[in-house]
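One file, query-v1.txt, is given below (compact mmCIF, C-alpha atoms).
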# COMPACT_ATOMS: atom_id res chain seq x y z
CA MET D 1 1.59 1.24 -84.04
CA THR D 2 0.41 1.77 -87.60
CA MET D 3 1.17 4.87 -89.61
CA ASP D 4 -2.44 6.14 -89.21
CA ALA D 5 -2.44 5.66 -85.44
CA THR D 6 0.89 7.45 -85.15
CA LEU D 7 -0.38 10.33 -87.24
CA SER D 8 -3.55 10.67 -85.21
CA THR D 9 -1.60 10.70 -81.94
CA HIS D 10 0.60 13.52 -83.21
CA LEU D 11 -2.33 15.44 -84.64
CA GLN D 12 -4.04 15.21 -81.28
CA GLU D 13 -0.90 16.53 -79.56
CA LEU D 14 -0.70 19.41 -82.00
CA ARG D 15 -4.36 20.38 -81.68
CA ARG D 16 -4.54 20.13 -77.92
CA GLY D 17 -4.28 23.82 -77.09
CA THR D 18 -6.03 25.23 -80.13
CA VAL D 19 -9.58 24.81 -78.79
CA VAL D 20 -8.70 27.13 -75.89
CA VAL D 21 -7.47 29.89 -78.23
CA ALA D 22 -10.46 29.45 -80.49
CA SER D 23 -13.00 29.45 -77.64
CA LEU D 24 -11.52 32.53 -75.95
CA THR D 25 -11.49 34.32 -79.30
CA VAL D 26 -15.06 33.38 -80.28
CA LEU D 27 -16.52 34.14 -76.86
CA ARG D 28 -15.58 37.81 -77.02
CA GLU D 29 -19.21 37.79 -78.21
CA PRO D 30 -21.27 35.97 -75.53
CA GLY D 31 -22.24 32.44 -76.46
CA TYR D 32 -23.53 29.21 -74.92
CA GLY D 33 -22.15 25.69 -75.10
CA TYR D 34 -23.95 24.35 -78.13
CA SER D 35 -23.62 27.59 -80.14
CA LEU D 36 -19.87 27.59 -79.54
CA LEU D 37 -19.67 23.96 -80.61
CA GLU D 38 -21.45 24.83 -83.87
CA THR D 39 -19.28 27.89 -84.49
CA LEU D 40 -16.08 25.97 -83.89
CA SER D 41 -16.94 23.00 -86.08
CA ALA D 42 -18.13 25.37 -88.83
CA ALA D 43 -14.76 27.11 -88.56
CA GLY D 44 -12.96 23.79 -89.00
CA PHE D 45 -12.03 22.88 -85.43
CA GLU D 46 -12.50 19.21 -84.68
CA VAL D 47 -13.82 19.49 -81.18
CA GLU D 48 -16.17 17.16 -79.37
CA ALA D 49 -18.95 18.19 -77.02
CA ASN D 50 -17.62 16.05 -74.19
CA THR D 51 -14.30 17.90 -74.18
CA LEU D 52 -15.67 21.38 -74.90
CA TYR D 53 -18.29 21.56 -72.11
CA PRO D 54 -15.91 20.66 -69.27
CA LEU D 55 -13.26 22.94 -70.84
CA LEU D 56 -15.61 25.95 -70.65
CA ARG D 57 -16.13 25.40 -66.92
CA ARG D 58 -12.37 25.04 -66.41
CA LEU D 59 -11.67 28.31 -68.22
CA GLU D 60 -14.35 29.95 -66.09
CA ALA D 61 -12.71 28.62 -62.91
CA GLN D 62 -9.41 30.11 -64.15
CA GLY D 63 -11.09 33.49 -64.54
CA LEU D 64 -10.69 33.59 -68.32
CA LEU D 65 -14.45 33.36 -68.92
CA THR D 66 -17.44 34.68 -67.02
CA SER D 67 -20.90 33.21 -67.24
CA SER D 68 -24.49 34.23 -66.63
CA TRP D 69 -27.79 32.44 -67.02
CA ASN D 70 -30.15 33.81 -69.62
CA THR D 71 -33.70 32.81 -68.74
CA ASP D 72 -35.46 35.11 -71.21
CA GLU D 73 -35.99 32.32 -73.73
CA ALA D 74 -37.96 29.12 -73.28
CA ARG D 75 -34.77 27.18 -72.66
CA PRO D 76 -32.50 28.67 -69.95
CA ARG D 77 -28.98 28.94 -71.28
CA LYS D 78 -25.65 29.57 -69.65
CA PHE D 79 -23.83 32.26 -71.62
CA TYR D 80 -20.07 32.52 -71.44
CA ARG D 81 -18.04 35.62 -72.22
CA THR D 82 -14.29 36.16 -72.40
CA THR D 83 -12.93 38.32 -69.57
CA GLU D 84 -10.27 40.97 -70.00
CA GLN D 85 -7.71 38.55 -68.64
CA GLY D 86 -8.98 35.84 -70.99
CA ASP D 87 -8.66 38.21 -73.92
CA ALA D 88 -5.08 39.07 -72.99
CA ILE D 89 -4.18 35.40 -72.73
CA ALA D 90 -5.89 34.62 -76.03
CA ALA D 91 -3.89 37.42 -77.67
CA ALA D 92 -0.64 36.02 -76.28
CA LEU D 93 -1.57 32.53 -77.48
CA ARG D 94 -2.43 33.81 -80.98
CA ASP D 95 0.92 35.61 -81.14
CA GLU D 96 2.68 32.40 -80.19
CA TRP D 97 0.68 30.53 -82.82
CA THR D 98 1.75 33.02 -85.50
CA ARG D 99 5.36 32.80 -84.39
CA LEU D 100 5.32 28.99 -84.49
CA ASP D 101 3.61 29.00 -87.89
CA LYS D 102 6.34 31.27 -89.29
CA ALA D 103 9.07 29.21 -87.67
CA VAL D 104 7.74 25.96 -89.10
CA THR D 105 7.34 27.53 -92.53
CA ASP D 106 10.92 28.83 -92.41
CA LEU D 107 12.18 25.37 -91.56
CA ASP D 108 10.16 23.79 -94.32
CA THR D 109 11.44 26.16 -97.03
CA PRO D 110 15.16 26.46 -96.32
CA ALA D 111 16.88 29.62 -97.50
CA GLY D 112 20.24 29.41 -99.33
CA THR D 113 22.24 29.67 -96.11
CA VAL D 114 20.48 26.78 -94.43
CA SER D 115 22.31 23.52 -94.90
CA GLY D 116 20.11 20.80 -96.34
CA SER D 117 19.50 17.36 -94.97
CA ASP D 118 21.92 14.49 -95.49
CA ALA D 119 19.68 12.78 -98.01
CA MET U 120 -40.57 6.92 -65.92
CA THR U 121 -37.09 8.35 -66.34
CA THR U 122 -36.25 9.45 -69.84
CA LEU U 123 -33.06 8.67 -71.67
CA ILE U 124 -31.85 12.23 -71.00
CA ASP U 125 -32.54 11.83 -67.27
CA ARG U 126 -30.64 8.58 -67.15
CA TYR U 127 -27.67 10.12 -68.96
CA VAL U 128 -27.58 13.30 -66.88
CA TYR U 129 -28.01 11.48 -63.56
CA THR U 130 -25.16 9.15 -64.46
CA VAL U 131 -22.90 12.15 -65.12
CA LEU U 132 -23.98 13.97 -61.93
CA ARG U 133 -23.25 10.91 -59.80
CA ARG U 134 -19.52 11.48 -60.28
CA VAL U 135 -19.51 15.29 -60.05
CA PRO U 136 -18.88 17.30 -56.84
CA GLU U 137 -22.17 18.19 -55.17
CA GLN U 138 -21.89 21.97 -55.32
CA GLN U 139 -21.58 21.84 -59.14
CA ARG U 140 -24.50 19.49 -59.72
CA THR U 141 -27.41 21.93 -60.17
CA ASP U 142 -25.48 24.08 -62.58
CA ILE U 143 -24.15 21.19 -64.67
CA ASP U 144 -27.60 19.57 -64.63
CA ARG U 145 -29.23 22.60 -66.23
CA GLU U 146 -26.42 23.35 -68.64
CA LEU U 147 -26.01 19.78 -69.84
CA ARG U 148 -29.74 19.31 -70.42
CA THR U 149 -29.91 22.50 -72.47
CA SER U 150 -26.88 21.50 -74.50
CA ILE U 151 -28.38 18.07 -75.22
CA GLU U 152 -31.75 19.56 -76.15
CA ASP U 153 -30.03 22.11 -78.43
CA ALA U 154 -28.16 19.34 -80.20
CA VAL U 155 -31.28 17.18 -80.55
CA GLU U 156 -33.23 20.13 -81.91
CA ALA U 157 -30.55 20.80 -84.48
CA ARG U 158 -30.66 17.17 -85.64
CA VAL U 159 -34.47 17.14 -85.79
CA SER U 160 -34.56 20.28 -87.86
CA GLY U 161 -32.04 18.54 -90.09
CA GLY U 162 -34.69 15.90 -90.75
CA ALA U 163 -33.91 13.15 -88.24
CA PRO U 164 -36.68 11.48 -86.20
CA PRO U 165 -36.64 12.71 -82.55
CA ASP U 166 -35.72 9.31 -81.03
CA THR U 167 -32.81 8.77 -83.36
CA ALA U 168 -31.66 12.37 -82.86
CA LEU U 169 -31.53 11.90 -79.08
CA GLN U 170 -29.74 8.57 -79.31
CA GLN U 171 -27.13 9.95 -81.69
CA THR U 172 -26.57 13.02 -79.53
CA LEU U 173 -26.00 10.97 -76.40
CA LEU U 174 -23.77 8.50 -78.27
CA GLU U 175 -21.69 11.42 -79.47
CA LEU U 176 -21.35 12.77 -75.93
CA GLY U 177 -20.05 9.34 -75.06
CA ASP U 178 -19.35 7.60 -71.76
CA PRO U 179 -21.01 9.68 -69.00
CA ASP U 180 -18.30 8.67 -66.52
CA ARG U 181 -15.63 10.20 -68.72
CA LEU U 182 -17.67 13.36 -69.14
CA ALA U 183 -18.05 13.54 -65.36
CA ASP U 184 -14.27 13.17 -64.91
CA GLY U 185 -13.86 16.08 -67.31
CA TYR U 186 -16.24 18.22 -65.26
CA ALA U 187 -14.70 17.23 -61.95
CA ASP U 188 -11.22 17.82 -63.41
CA ARG U 189 -9.84 14.98 -61.35
CA LYS U 190 -6.63 13.05 -61.90
CA GLN U 191 -7.28 9.92 -63.91
CA TYR U 192 -4.10 8.22 -62.83
CA LEU U 193 -2.67 6.96 -59.57
CA ILE U 194 0.89 8.25 -59.98
CA GLY U 195 1.83 10.78 -62.67
CA PRO U 196 5.02 11.09 -64.69
CA ASP U 197 6.54 13.58 -62.23
CA LEU U 198 6.55 11.21 -59.26
CA PHE U 199 6.73 7.92 -61.20
CA PRO U 200 10.57 7.68 -61.12
CA ILE U 201 10.54 8.19 -57.35
CA TRP U 202 7.88 5.51 -56.90
CA GLN U 203 9.81 3.14 -59.15
CA ARG U 204 13.09 3.68 -57.30
CA LEU U 205 11.40 3.35 -53.92
CA LEU U 206 9.69 0.12 -54.92
CA THR U 207 12.88 -1.35 -56.43
CA MET U 208 14.82 -0.51 -53.28
CA LEU U 209 12.17 -1.97 -50.99
CA LEU U 210 11.80 -5.19 -52.96
CA THR U 211 15.50 -5.80 -53.63
CA VAL U 212 17.00 -4.64 -50.33
CA VAL U 213 14.41 -4.56 -47.57
CA LEU U 214 12.43 -7.64 -48.62
CA PRO U 215 15.43 -10.05 -48.70
CA ILE U 216 16.56 -8.81 -45.28
CA VAL U 217 13.12 -9.40 -43.80
CA VAL U 218 12.88 -12.84 -45.41
CA VAL U 219 16.32 -13.81 -44.06
CA ILE U 220 15.30 -12.67 -40.58
CA ALA U 221 12.07 -14.68 -40.82
CA VAL U 222 14.03 -17.76 -41.90
CA VAL U 223 16.58 -17.34 -39.08
CA ILE U 224 13.78 -17.05 -36.53
CA GLN U 225 12.18 -20.17 -37.97
CA VAL U 226 15.51 -22.03 -37.87
CA LEU U 227 15.99 -21.11 -34.20
CA ASP U 228 12.42 -22.13 -33.48
CA ASP U 229 12.10 -25.36 -35.42
CA PRO U 230 14.84 -26.24 -37.90
CA ALA U 231 12.85 -28.46 -40.29
CA VAL U 232 12.90 -28.04 -44.08
CA GLY U 233 9.12 -27.67 -44.57
CA PRO U 234 8.48 -24.87 -42.06
CA ILE U 235 11.64 -23.05 -43.20
CA ILE U 236 10.50 -22.97 -46.84
CA GLY U 237 7.00 -22.02 -45.61
CA ALA U 238 8.39 -19.14 -43.56
CA ALA U 239 10.46 -17.90 -46.51
CA VAL U 240 7.59 -18.04 -49.01
CA SER U 241 4.89 -16.63 -46.74
CA SER U 242 7.06 -13.79 -45.44
CA ALA U 243 8.16 -12.94 -49.01
CA ILE U 244 4.56 -12.76 -50.24
CA THR U 245 3.09 -10.97 -47.20
CA VAL U 246 5.89 -8.47 -46.70
CA GLY U 247 6.26 -7.92 -50.47
CA ALA U 248 2.56 -7.13 -50.81
CA HIS U 249 2.71 -4.78 -47.83
CA LEU U 250 5.78 -2.95 -49.12
CA ALA U 251 4.30 -2.52 -52.60
CA PHE U 252 0.92 -1.40 -51.26
CA TRP U 253 2.20 1.14 -48.76
CA ALA U 254 4.85 2.57 -51.11
CA THR U 255 2.21 3.03 -53.82
CA LEU U 256 -0.30 4.53 -51.37
CA VAL U 257 2.21 7.04 -49.98
CA VAL U 258 3.28 8.21 -53.45
CA ALA U 259 -0.34 8.37 -54.66
CA VAL U 260 -1.22 10.55 -51.65
CA LEU U 261 1.80 12.77 -52.38
CA GLU U 262 0.58 13.02 -55.99
CA ARG U 263 -2.84 14.21 -54.81
CA THR U 264 -1.51 16.68 -52.27
CA GLY U 265 0.50 18.42 -54.98
CA VAL U 266 4.00 17.44 -53.88
CA THR U 267 6.48 17.70 -56.77
CA ARG U 268 9.66 15.76 -57.44
CA SER U 269 11.94 18.75 -56.84
CA ALA U 270 10.26 19.35 -53.47
CA LEU U 271 10.98 15.75 -52.52
CA ARG U 272 14.56 15.87 -53.72
CA GLY U 273 15.76 18.98 -51.96
CA GLY U 274 13.30 19.43 -49.15
CA THR U 275 13.36 23.01 -50.40
CA ARG U 276 12.39 23.76 -53.97
CA ARG U 277 15.83 22.99 -55.30
CA GLU U 278 16.19 22.31 -59.01
CA TRP U 279 18.39 19.54 -60.33
CA SER U 280 21.98 20.75 -60.62
CA LEU U 281 25.26 19.43 -62.03
CA ASP U 282 26.37 18.50 -58.51
CA ASP U 283 23.70 15.79 -58.51
CA LEU U 284 25.65 13.86 -61.18
CA PRO U 285 27.50 10.85 -59.72
CA ARG U 286 31.28 11.19 -60.13
CA TYR U 287 32.08 7.71 -61.48
CA GLU U 288 35.65 8.27 -60.36
CA PRO U 289 37.85 5.27 -59.82
CA ARG U 290 37.55 4.46 -56.14
CA ALA U 291 38.86 1.51 -54.21
CA ILE U 292 35.48 0.98 -52.59
CA ALA U 293 32.08 2.58 -53.02
CA LEU U 294 30.24 4.44 -50.30
CA SER U 295 27.93 1.47 -49.77
CA GLU U 296 30.96 -0.78 -49.19
CA LEU U 297 32.33 1.73 -46.70
CA VAL U 298 29.05 1.66 -44.79
CA ALA U 299 28.95 -2.14 -44.86
CA GLY U 300 32.62 -2.38 -43.87
CA VAL U 301 32.04 -0.21 -40.79
CA LEU U 302 28.62 -1.57 -39.88
CA TRP U 303 29.62 -5.24 -39.94
CA PRO U 304 32.39 -4.99 -37.25
CA VAL U 305 30.11 -2.76 -35.14
CA LEU U 306 27.33 -5.36 -35.33
CA LEU U 307 29.76 -8.15 -34.45
CA ILE U 308 31.06 -6.23 -31.44
CA ALA U 309 27.49 -5.47 -30.34
CA GLY U 310 26.59 -9.15 -30.73
CA LEU U 311 29.67 -10.22 -28.80
CA VAL U 312 28.86 -7.93 -25.88
CA LEU U 313 25.09 -8.50 -25.89
CA GLN U 314 25.24 -12.30 -25.97
CA GLN U 315 26.85 -12.14 -22.53
CA PHE U 316 23.71 -10.57 -21.03
CA THR U 317 20.78 -11.12 -23.36
CA PHE U 318 19.53 -13.48 -26.10
CA THR U 319 19.92 -16.59 -23.91
CA ASP U 320 19.83 -17.45 -20.20
CA VAL U 321 23.50 -18.40 -20.23
CA PRO U 322 26.01 -16.73 -22.57
CA VAL U 323 26.52 -18.51 -25.91
CA LEU U 324 30.26 -17.83 -26.01
CA ASN U 325 32.73 -18.85 -23.33
CA PRO U 326 32.72 -16.10 -20.60
CA ASP U 327 36.23 -17.11 -19.51
CA ASN U 328 37.59 -15.39 -22.62
CA TRP U 329 36.61 -11.95 -21.29
CA THR U 330 39.97 -11.97 -19.49
CA PHE U 331 41.75 -11.57 -22.82
CA TRP U 332 40.38 -12.95 -26.09
CA TRP U 333 37.01 -11.19 -26.34
CA PRO U 334 38.50 -7.73 -25.61
CA TYR U 335 41.25 -8.59 -28.09
CA LEU U 336 38.62 -9.45 -30.77
CA ILE U 337 36.84 -6.15 -30.09
CA VAL U 338 40.11 -4.30 -30.71
CA VAL U 339 40.82 -6.20 -33.94
CA LEU U 340 37.25 -5.64 -35.19
CA THR U 341 37.63 -1.92 -34.46
CA LEU U 342 40.82 -1.99 -36.52
CA GLU U 343 38.85 -3.66 -39.36
CA ALA U 344 36.40 -0.75 -39.33
CA LEU U 345 39.23 1.80 -39.28
CA TYR U 346 40.93 -0.05 -42.15
CA THR U 347 37.76 0.31 -44.24
CA VAL U 348 37.61 4.05 -43.55
CA TRP U 349 41.30 4.39 -44.43
CA LEU U 350 40.78 2.43 -47.68
CA TYR U 351 37.80 4.59 -48.64
CA ARG U 352 39.67 7.82 -48.05
CA ARG U 353 42.80 6.48 -49.75
CA GLY U 354 40.72 5.83 -52.88
CA SER U 355 42.87 3.17 -54.54
CA TRP U 356 44.23 -0.31 -54.05
CA SER U 357 47.90 -0.95 -53.36
CA ARG U 358 50.27 -3.55 -51.95
CA ALA U 359 50.05 -1.75 -48.60
CA VAL U 360 46.29 -2.29 -48.67
CA THR U 361 46.74 -5.97 -49.49
CA ALA U 362 49.24 -6.36 -46.66
CA ALA U 363 47.09 -4.52 -44.12
CA ASN U 364 44.03 -6.55 -45.14
CA ALA U 365 45.93 -9.83 -44.90
CA ALA U 366 47.41 -8.88 -41.52
CA LEU U 367 43.97 -8.08 -40.15
CA ALA U 368 42.62 -11.36 -41.51
CA VAL U 369 45.40 -13.27 -39.75
CA LEU U 370 44.91 -11.31 -36.50
CA THR U 371 41.20 -12.18 -36.54
CA THR U 372 41.17 -15.70 -37.91
CA VAL U 373 44.14 -17.35 -36.20
CA PRO U 374 42.96 -16.75 -32.59
CA LEU U 375 39.42 -17.75 -33.65
CA VAL U 376 40.64 -21.00 -35.15
CA TRP U 377 42.78 -21.71 -32.09
CA LEU U 378 39.88 -21.00 -29.69
CA LEU U 379 37.60 -23.22 -31.73
CA ALA U 380 40.10 -26.03 -32.03
CA GLU U 381 40.78 -25.96 -28.27
CA GLU U 382 36.98 -25.93 -27.67
CA LYS U 383 37.33 -22.69 -25.76
CA PHE U 384 35.03 -20.71 -28.07
CA PHE U 385 31.51 -21.76 -27.05
CA ASN U 386 30.20 -21.75 -23.52
CA PRO U 387 29.92 -25.43 -22.46
CA ALA U 388 27.06 -24.48 -20.12
CA TRP U 389 25.09 -23.07 -23.09
CA VAL U 390 25.77 -26.12 -25.27
CA SER U 391 24.44 -28.42 -22.58
CA THR U 392 21.24 -26.39 -22.08
CA GLN U 393 20.20 -26.74 -25.73
CA ASP U 394 18.13 -29.60 -27.08
CA TRP U 395 20.18 -30.88 -30.01
CA GLY U 396 17.83 -33.72 -30.93
CA SER U 397 19.67 -36.80 -32.13
CA THR U 398 22.98 -35.01 -32.77
CA ALA U 399 25.55 -37.01 -30.82
CA ASP U 400 28.28 -34.43 -30.49
CA PRO U 401 26.78 -30.96 -31.04
CA LEU U 402 29.90 -29.06 -29.98
CA SER U 403 32.09 -30.57 -32.69
CA TRP U 404 29.38 -29.85 -35.29
CA LEU U 405 29.10 -26.22 -34.22
CA THR U 406 32.88 -25.91 -34.06
CA GLY U 407 33.25 -27.39 -37.54
CA ILE U 408 30.68 -25.02 -39.10
CA VAL U 409 32.15 -21.88 -37.51
CA LEU U 410 35.71 -23.03 -38.27
CA VAL U 411 34.99 -23.58 -41.96
CA THR U 412 33.07 -20.28 -42.22
CA ALA U 413 35.90 -18.32 -40.56
CA ILE U 414 38.66 -19.85 -42.68
CA VAL U 415 36.80 -19.66 -46.02
CA GLY U 416 35.68 -16.09 -45.27
CA ALA U 417 39.21 -14.95 -44.41
CA LEU U 418 40.75 -16.65 -47.47
CA TYR U 419 38.12 -15.15 -49.78
CA ASP U 420 38.74 -11.68 -48.36
CA VAL U 421 42.52 -11.89 -48.69
CA ILE U 422 42.38 -13.28 -52.24
CA ASP U 423 39.68 -10.80 -53.30
CA VAL U 424 41.74 -7.78 -52.20
CA ALA U 425 44.93 -9.23 -53.71
CA VAL U 426 43.20 -9.78 -57.07
CA LYS U 427 41.74 -6.26 -57.07
CA THR U 428 45.15 -4.78 -56.27
CA GLU U 429 46.79 -6.77 -59.04
CA ARG U 430 44.11 -5.70 -61.56
CA ALA U 431 44.61 -2.08 -60.55
CA ARG U 432 48.41 -2.40 -60.79
CA ARG U 433 48.18 -3.76 -64.33
CA GLY U 434 45.72 -1.04 -65.31
CA VAL U 435 42.95 -3.48 -66.17
CA HIS U 436 39.72 -1.70 -67.02
CA THR U 437 37.10 -1.74 -64.31
CA PRO U 438 33.45 -1.48 -65.26
CA VAL U 439 31.46 1.48 -63.93
CA PRO U 440 28.44 -0.10 -62.24
CA GLY U 441 25.23 0.25 -64.21
CA THR U 442 26.64 2.11 -67.23
CA GLY U 443 28.41 -0.45 -69.37
CA ALA U 444 31.35 1.99 -69.57
CA GLU U 445 34.78 1.32 -68.10
CA TYR U 446 37.46 3.33 -66.39
CA THR U 447 41.08 2.59 -65.76
CA ASN U 448 41.91 2.47 -62.09
CA PRO U 449 45.40 3.98 -61.78
CA ILE U 450 47.50 3.00 -58.83

Give the structure from this file in structure tokens form.
Amino acid sequence: MTMDATLSTHLQELRRGTVVVASLTVLREPGYGYSLLETLSAAGFEVEANTLYPLLRRLEAQGLLTSSWNTDEARPRKFYRTTEQGDAIAAALRDEWTRLDKAVTDLDTPAGTVSGSDA
Amino acid sequence: MTTLIDRYVYTVLRRVPEQQRTDIDRELRTSIEDAVEARVSGGAPPDTALQQTLLELGDPDRLADGYADRKQYLIGPDLFPIWQRLLTMLLTVVLPIVVVIAVVIQVLDDPAVGPIIGAAVSSAITVGAHLAFWATLVVAVLERTGVTRSALRGGTRREWSLDDLPRYEPRAIALSELVAGVLWPVLLIAGLVLQQFTFTDVPVLNPDNWTFWWPYLIVVLTLEALYTVWLYRRGSWSRAVTAANAALAVLTTVPLVWLLAEEKFFNPAWVSTQDWGSTADPLSWLTGIVLVTAIVGALYDVIDVAVKTERARRGVHTPVPGTGAEYTNPI
């Protein structure tokens, strides 16, 4: 495996859960599939349509999102909204993200007491 | 005429559970149209915009698998070790036994080289394929019914604990050797008794010996089984073990050799009922084969135990099976 392939595997591992946090956070304001895709990619999340659309239905099945069809416009759209439970889970996930970010930062900038590497 | 969108959506819906189809149909179409619209307003020609959108959505089968949330593997990492162990056991233990039985049946039926090799190869392939298929099917079904490894291990939902670690303590014989050492005499005794009534019209072995020698053999074979249990519980080799083993070997082999040499072992009536082909003197052939087997087997057993005892006495390191590590077997 080349360096690039290795990196992209690890990046993929690292990003796996982030789309869930981002979606649950964005959808506190109701949104539909394509709008969410636009919002996420504008915010810097590399997410593809073919993973996002099935994910939304999965989160709905888990009770973290609710949905309703809006037929007021010319094109009927399925709007998703984060439930109370979804919001609580998103909050817990964001806390964990913050904790991990701090932990990684602490490891990366060792304080005086932390013993350095062998090199 | 079906449009490109229709073709794409229908292909996705084909692999999606029926009750979700209407909903996904509508939602997916809207999403595609939204994306196309965005590209068109960005200046792309409508045809190109549609093609690019669909290309970006990618393989419709994969999208459908995402919607259906189904497992895209036969056996997952949780059950894989169990499947692997099961398959290894079946192919290394069960398969050889079945092949040997098939060969023995073929030998009894028609002892020619061609058919024997044929029986071995065809039974190995057929039975091997069956074992692999059924083992895989069973584990794949378990995977899909949500059975976990811990449920399989304990019956109850028991987690792995330190008690599950093998002990790797120096033992004279392993549990498998204990089982074999008890099972073998039991099978021999069963064979000895059953051949009198079943298998063949007339008994294979001389019925006259039921007055003394066959009961005597049953007793000695029982002692062999008891010896194995004693050795297992004792846990180490010693000169007493060597002596007991050698004594048992003598008690078994000497009467056997004498019976064979005096031609009192096989039932003459049985020998005469068999079609031996062109073999001039079948009894002496049979006697010779059994005689050599009995003597070589007994000598090997006596020497094997003596060598193991001597190694243990000198504190020679004994490898722990499957680890590459060694332990000293104290006496």

Would you write out, as a Markdown table, a table of all residues in chain D that have an atom no more than 8 Å from an atom of chain U, listing for each the closest atom pair and the distance in Å to one decimal, considering all atoms listed in the file and ordering rows by chain and rising residue number?
| residue | atom | partner | partner_atom | distance |
| --- | --- | --- | --- | --- |
| D:Gly33 | CA | U:Ser150 | CA | 6.3 |
| D:Tyr34 | CA | U:Ser150 | CA | 5.5 |
| D:Glu48 | CA | U:Leu176 | CA | 7.6 |
| D:Ala49 | CA | U:Leu176 | CA | 6.0 |
| D:Asn50 | CA | U:Leu176 | CA | 5.3 |
| D:Thr51 | CA | U:Gly185 | CA | 7.1 |
| D:Tyr53 | CA | U:Tyr186 | CA | 7.9 |
| D:Pro54 | CA | U:Tyr186 | CA | 4.7 |
| D:Leu55 | CA | U:Gly185 | CA | 7.7 |
| D:Arg57 | CA | U:Tyr186 | CA | 7.4 |
| D:Arg58 | CA | U:Asp188 | CA | 7.9 |
| D:Arg75 | CA | U:Thr149 | CA | 6.7 |
| D:Pro76 | CA | U:Thr149 | CA | 7.2 |
| D:Arg77 | CA | U:Thr149 | CA | 6.6 |
| D:Lys78 | CA | U:Glu146 | CA | 6.3 |

How would the residues just chosen look if you wrote them out with C-alpha atoms as a CSV table (one decimal), in the frame of the given file?
chain,number,residue,atom,x,y,z
D,33,GLY,CA,-22.2,25.7,-75.1
D,34,TYR,CA,-24.0,24.4,-78.1
D,48,GLU,CA,-16.2,17.2,-79.4
D,49,ALA,CA,-19.0,18.2,-77.0
D,50,ASN,CA,-17.6,16.0,-74.2
D,51,THR,CA,-14.3,17.9,-74.2
D,53,TYR,CA,-18.3,21.6,-72.1
D,54,PRO,CA,-15.9,20.7,-69.3
D,55,LEU,CA,-13.3,22.9,-70.8
D,57,ARG,CA,-16.1,25.4,-66.9
D,58,ARG,CA,-12.4,25.0,-66.4
D,75,ARG,CA,-34.8,27.2,-72.7
D,76,PRO,CA,-32.5,28.7,-70.0
D,77,ARG,CA,-29.0,28.9,-71.3
D,78,LYS,CA,-25.6,29.6,-69.6

Can you tell me, as a tab-separated table (two decimals) with C-alpha atoms, in the coordinates of the input, what residues are no more than 12 Å from Thr39 (chain D) when counting all atoms listed in the file, ignoring any on the same chain fewer than 2 positions away?
chain	number	residue	atom	x	y	z
D	19	VAL	CA	-9.58	24.81	-78.79
D	22	ALA	CA	-10.46	29.45	-80.49
D	23	SER	CA	-13.00	29.45	-77.64
D	25	THR	CA	-11.49	34.32	-79.30
D	26	VAL	CA	-15.06	33.38	-80.28
D	27	LEU	CA	-16.52	34.14	-76.86
D	29	GLU	CA	-19.21	37.79	-78.21
D	31	GLY	CA	-22.24	32.44	-76.46
D	32	TYR	CA	-23.53	29.21	-74.92
D	33	GLY	CA	-22.15	25.69	-75.10
D	34	TYR	CA	-23.95	24.35	-78.13
D	35	SER	CA	-23.62	27.59	-80.14
D	36	LEU	CA	-19.87	27.59	-79.54
D	37	LEU	CA	-19.67	23.96	-80.61
D	41	SER	CA	-16.94	23.00	-86.08
D	42	ALA	CA	-18.13	25.37	-88.83
D	43	ALA	CA	-14.76	27.11	-88.56
D	44	GLY	CA	-12.96	23.79	-89.00
D	45	PHE	CA	-12.03	22.88	-85.43
D	46	GLU	CA	-12.50	19.21	-84.68
D	47	VAL	CA	-13.82	19.49	-81.18

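A straight line drawn from CA of Ile308 (chain U) to CA of Trp329 (chain U) is 12.9 Å long.
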
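Counting from CA of Ala417 (chain U), the distance to CA of Ala368 (chain U) is 5.7 Å.
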
Next on the checklist: Give me the residues near Trp253 (chain U) as a list in words, where near means some atom within 12 Å (using only C-alpha atoms) and where sequence neighbours in that chain fewer than 4 positions away do not count.
Outcome noted: Trp202, Leu205, Leu206, Leu209, Val246, Gly247, Ala248, His249, Val257, Val258, Ala259 and Val260 of chain U

Item to check | Between CA of Ile224 (chain U) and CA of Gly237 (chain U), distance in Å (one decimal) | outcome: 12.4 Å

Checklist entry - What lies within 6 Å of region 370-387 of chain U using only C-alpha atoms, ignoring chain neighbours under 2 positions off, as a ChimeraX atom specification? => result /U:323-325,367-368,389-390,406
